[in-house]
Each structure stands twice: as C-alpha cells, then as structure tokens.
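Visitor: Take this structure first; my questions come after.
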Amino acid sequence: MTHILVVCLGNICRSPLAHGILESKLSKNNFFVDSAGTAAYHIGNSPDHRSIKVAKEKGIDISSQSARQFNVTDFDKFDYIYAMDRSNYTNIISLARSNEDIGKVKLFLEENNNIFNKDVPDPYYGSINDFHHVFDLIDDTSELIAKRLKSVR
C-alpha cells in the first residue's frame with residue numbers, strides 16, 4: 001500500500017481538493033490518500049464550502065473530510081508528502097528528522113512540467129472562480145501523479 005499526504009496551510013481549501021481528486025484517480029486497494037495543514041487554525045473542521053461545492057460539481061465528495069495538522073509522525077506513515085506551496089514545503093521540512101524525511105517531500109506542482117509557477121495559489125480570500133482554477137491545476141497534476149504512481153507499483 002502506497003501512502004500519500006497532501007499538505008496546505010489550514011487543510012480546508014487546497015489539500016482537501018487534492019486529497020479528493022487524487023483519491024478518485026487511484027485504487028483504494030493500492031493507495032491511501034490523506035491531507036493535513038501546517039497550521040492548527042481549522043483542526044476538526046470540514047473543508048471550505050467552496051472547495052466542497054467545486055469538487056461536488058466534478059463528481060467528487062470531500063464533505064466528510066476533517067482538517068488536521070501535519071505532525072512529525074506523518075514522515076513515518078507516508079511515502080509521498082506533497083506541499084501545496086513553498087511556504088508549506090518549508091514548514092514541513094523544518095520538522096524533518098533526517099534526509100529520508102526530506103526526500104519524501106516535494107511541491108505538488110513539481111510533478112507538472114507544463115506549469116512554471118510551482119505554488120498552488122491559496123483561493124481562501126478569493127472568489128469561486130479561484131477555487132475552480134485551483135481545482136483545475138490540482139486535477140491536471142493529479143492525473144500525472146496518478147499515472148506515475150501506478151507505473152512504479
């Protein structure tokens with residue numbers, strides 16, 4: 001079983017979308033996907049209503065997810081840890097205990113050579129259109145990640 005963690009700041013906008021999208025593209029028999037935030041702002045909360053709405057429009061239900069904070073033990077539980085932006089990447093790496101931990105972490109959009117800016121923009125203070133844009137970025141990249149992960153299994 002391959003374990004994948006996607007991480008943003010509060011675990012209510014970007015990482016829940018990535019969690020749901022990746023999960024929809026990978027077999028639950030072979031892959032486990034989860035999400036977390038680097039900050040404790042929203043622990044226990046559902047994803048942002050706009051993330052839920054945009055995902056639902058695309059046939060993905062993320063409404064049962066619950067925000068949690070990234071923990072150093074996540075390095076032990078997950079094979080791949082994807083940060084949504086450089087700030088989250090830095091926060092995750094600051095908790096790393098070894099080069100092995102660091103080697104598990106990369107920017108989510110690093111998997112997509114067609115995108116120059118490797119930070120997934122945070123749509124929290126934006127409009128529903130920003131959530132649609134983020135969904136599309138994550139969906140395109142999730143397709144590439146899923147294809148690569150299936151090929152290495």
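Residues are referred to by chain and number: the chain letter is A, B, ... according to the order shown in the structure tokens, the number counts from 1 in that chain, and ligands are numbered separately from 1 in the order shown.
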Between segment 1-90 of chain A and segment 137-144 of chain A, at 10 Å or less, what are the per-residue closest atom pairs and their distances in Å? Count only C-alpha atoms, order by chain and rising residue number, and return it as a Markdown table.
Guide:
| residue | atom | partner | partner_atom | distance |
| --- | --- | --- | --- | --- |
| A:Arg14 | CA | A:Ile138 | CA | 8.3 |
| A:Ser15 | CA | A:Ile138 | CA | 9.3 |
| A:Leu17 | CA | A:Ile138 | CA | 7.6 |
| A:Ala18 | CA | A:Ile138 | CA | 6.0 |
| A:His19 | CA | A:Ser142 | CA | 9.5 |
| A:Gly20 | CA | A:Asp139 | CA | 9.8 |
| A:Ile21 | CA | A:Asp139 | CA | 6.3 |
| A:Leu22 | CA | A:Ser142 | CA | 5.5 |
| A:Glu23 | CA | A:Ser142 | CA | 9.2 |
| A:Ser24 | CA | A:Ser142 | CA | 9.5 |
| A:Lys25 | CA | A:Glu143 | CA | 7.1 |
| A:Leu26 | CA | A:Glu143 | CA | 9.5 |
| A:Met84 | CA | A:Ile138 | CA | 9.4 |
Visitor: Tell me, as a PDB file with N, CA, C and O atoms, in the first residue's frame, which residues lie within 7 Å of segment 50-65 of chain A, counting only C-alpha atoms; anything in the same chain fewer than 6 positions away does not count.
Guide:
ATOM      1  N   CYS A  13      -8.899  24.155   2.076  1.00  0.00           N
ATOM      2  CA  CYS A  13      -9.144  24.552   0.679  1.00  0.00           C
ATOM      3  C   CYS A  13      -8.407  23.661  -0.311  1.00  0.00           C
ATOM      4  O   CYS A  13      -9.010  22.831  -0.981  1.00  0.00           O
ATOM      5  N   PRO A  16      -7.640  19.508   0.824  1.00  0.00           N
ATOM      6  CA  PRO A  16      -8.815  18.640   0.709  1.00  0.00           C
ATOM      7  C   PRO A  16      -9.190  18.360  -0.754  1.00  0.00           C
ATOM      8  O   PRO A  16      -9.606  17.248  -1.086  1.00  0.00           O
ATOM      9  N   LEU A  17      -9.032  19.372  -1.614  1.00  0.00           N
ATOM     10  CA  LEU A  17      -9.291  19.147  -3.033  1.00  0.00           C
ATOM     11  C   LEU A  17      -8.314  18.120  -3.594  1.00  0.00           C
ATOM     12  O   LEU A  17      -8.712  17.172  -4.267  1.00  0.00           O
ATOM     13  N   GLY A  20      -9.160  14.604  -2.332  1.00  0.00           N
ATOM     14  CA  GLY A  20     -10.317  14.015  -3.021  1.00  0.00           C
ATOM     15  C   GLY A  20     -10.034  13.679  -4.468  1.00  0.00           C
ATOM     16  O   GLY A  20     -10.429  12.613  -4.963  1.00  0.00           O
ATOM     17  N   ILE A 128     -15.206  32.172  -6.088  1.00  0.00           N
ATOM     18  CA  ILE A 128     -15.452  30.787  -6.508  1.00  0.00           C
ATOM     19  C   ILE A 128     -14.632  30.467  -7.759  1.00  0.00           C
ATOM     20  O   ILE A 128     -14.192  29.331  -7.943  1.00  0.00           O
ATOM     21  N   PHE A 131     -11.369  29.055  -6.814  1.00  0.00           N
ATOM     22  CA  PHE A 131     -11.491  27.651  -6.425  1.00  0.00           C
ATOM     23  C   PHE A 131     -11.553  26.749  -7.658  1.00  0.00           C
ATOM     24  O   PHE A 131     -10.958  25.674  -7.662  1.00  0.00           O
ATOM     25  N   HIS A 132     -12.252  27.210  -8.705  1.00  0.00           N
ATOM     26  CA  HIS A 132     -12.298  26.448  -9.961  1.00  0.00           C
ATOM     27  C   HIS A 132     -10.901  26.351 -10.585  1.00  0.00           C
ATOM     28  O   HIS A 132     -10.498  25.293 -11.059  1.00  0.00           O
TER      29      HIS A 132
END
Visitor: Which residue is closest to Phe78 of chain A? Choose from A:Asp48, A:Asp101, A:Asp119, A:Asp130 and count only C-alpha atoms.
Guide: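 Ranked by minimum distance to Phe78 of chain A, first place goes to A:Asp101.
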Visitor: List every residue of chain A that DSSP, applied to the backbone, labels as helix (DSSP H, G or I), and write the result as a ChimeraX atom specification.
Guide: /A:14-25,49-57,74-77,86-93,99-103,108-111,128-152
Visitor: Could you save the residues just selected, with C-alpha atoms, as a tab-separated table (two decimals), in the first residue's frame?
Guide:
chain	number	residue	atom	x	y	z
A	14	ARG	CA	-6.30	23.16	-1.44
A	15	SER	CA	-5.25	19.95	0.29
A	16	PRO	CA	-8.81	18.64	0.71
A	17	LEU	CA	-9.29	19.15	-3.03
A	18	ALA	CA	-6.02	17.36	-3.80
A	19	HIS	CA	-6.95	14.61	-1.34
A	20	GLY	CA	-10.32	14.01	-3.02
A	21	ILE	CA	-9.04	14.35	-6.58
A	22	LEU	CA	-6.05	12.03	-6.09
A	23	GLU	CA	-8.21	9.52	-4.24
A	24	SER	CA	-10.64	9.48	-7.18
A	25	LYS	CA	-7.81	8.61	-9.60
A	49	HIS	CA	-17.81	25.22	1.49
A	50	ARG	CA	-16.41	26.49	-1.82
A	51	SER	CA	-13.97	23.56	-2.09
A	52	ILE	CA	-16.84	21.18	-1.33
A	53	LYS	CA	-19.03	22.86	-3.98
A	54	VAL	CA	-16.39	22.84	-6.74
A	55	ALA	CA	-15.44	19.22	-6.03
A	56	LYS	CA	-19.09	18.16	-5.98
A	57	GLU	CA	-19.66	19.82	-9.37
A	74	ASP	CA	3.50	11.73	9.25
A	75	PHE	CA	7.04	11.19	7.95
A	76	ASP	CA	6.78	7.61	9.25
A	77	LYS	CA	3.28	6.98	7.86
A	86	ARG	CA	6.86	26.82	-0.91
A	87	SER	CA	5.79	28.16	2.48
A	88	ASN	CA	4.15	24.83	3.38
A	89	TYR	CA	7.18	22.99	2.00
A	90	THR	CA	9.48	24.99	4.29
A	91	ASN	CA	7.22	24.35	7.30
A	92	ILE	CA	7.17	20.61	6.62
A	93	ILE	CA	10.93	20.38	6.02
A	99	ASN	CA	17.43	13.24	4.86
A	100	GLU	CA	15.00	10.33	4.41
A	101	ASP	CA	12.17	12.54	5.76
A	102	ILE	CA	13.21	15.40	3.47
A	103	GLY	CA	13.33	13.05	0.48
A	108	PHE	CA	2.74	19.20	-5.61
A	109	LEU	CA	3.12	21.12	-8.88
A	110	GLU	CA	6.71	19.89	-9.33
A	111	GLU	CA	5.02	16.86	-10.87
A	128	ILE	CA	-15.45	30.79	-6.51
A	129	ASN	CA	-13.54	31.26	-9.78
A	130	ASP	CA	-10.29	30.98	-7.83
A	131	PHE	CA	-11.49	27.65	-6.42
A	132	HIS	CA	-12.30	26.45	-9.96
A	133	HIS	CA	-8.80	27.48	-11.11
A	134	VAL	CA	-7.19	25.63	-8.19
A	135	PHE	CA	-9.33	22.56	-8.87
A	136	ASP	CA	-8.15	22.51	-12.50
A	137	LEU	CA	-4.46	22.89	-11.53
A	138	ILE	CA	-4.74	20.09	-8.99
A	139	ASP	CA	-6.79	17.87	-11.29
A	140	ASP	CA	-4.31	18.13	-14.17
A	141	THR	CA	-1.36	17.45	-11.87
A	142	SER	CA	-3.17	14.63	-10.04
A	143	GLU	CA	-3.61	12.88	-13.37
A	144	LEU	CA	0.17	12.99	-13.88
A	145	ILE	CA	0.89	11.88	-10.30
A	146	ALA	CA	-1.59	9.00	-10.51
A	147	LYS	CA	-0.11	7.82	-13.82
A	148	ARG	CA	3.43	7.90	-12.38
A	149	LEU	CA	2.49	6.18	-9.12
A	150	LYS	CA	0.61	3.42	-10.94
A	151	SER	CA	3.67	2.82	-13.13
A	152	VAL	CA	6.03	2.36	-10.15
Visitor: Interatomic distance between atom CA of Gly37 of chain A and atom CA of Ala67 of chain A?
Guide: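 Atom CA of Gly37 of chain A sits 7.2 Å away from atom CA of Ala67 of chain A.
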Visitor: Using DSSP on the backbone coordinates, identify the residues of chain A assigned to strand (DSSP E); present them as a list in words.
Guide: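 Matching residues for strand (DSSP E) in chain A are Thr2, His3, Ile4, Leu5, Val6, Val7, Cys8, Phe31, Phe32, Val33, Asp34, Ser35, Ala36, Gly37, Tyr80, Ile81, Tyr82, Ala83, Val105, Lys106 and Leu107 of chain A.
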Visitor: Show which residues sit within 8 Å of segment 40-44 of chain A, as a list in words. Count only C-alpha atoms, and ignore same-chain residues fewer than 6 positions away.
Guide: Gly10, Asn11, Ile12, Ser66, Ala67, Arg68 and Gln69 of chain A
Visitor: I need the chosen residues saved as a PDB file, in the first residue's frame, with C-alpha atoms.
Guide:
ATOM      1  CA  GLY A  10      -5.160  25.179   7.019  1.00  0.00           C
ATOM      2  CA  ASN A  11      -6.292  21.906   5.400  1.00  0.00           C
ATOM      3  CA  ILE A  12      -9.632  23.365   4.287  1.00  0.00           C
ATOM      4  CA  SER A  66     -11.855  16.746   8.623  1.00  0.00           C
ATOM      5  CA  ALA A  67      -8.945  19.173   8.943  1.00  0.00           C
ATOM      6  CA  ARG A  68      -5.908  18.059  10.883  1.00  0.00           C
ATOM      7  CA  GLN A  69      -2.437  19.419  11.474  1.00  0.00           C
TER       8      GLN A  69
END
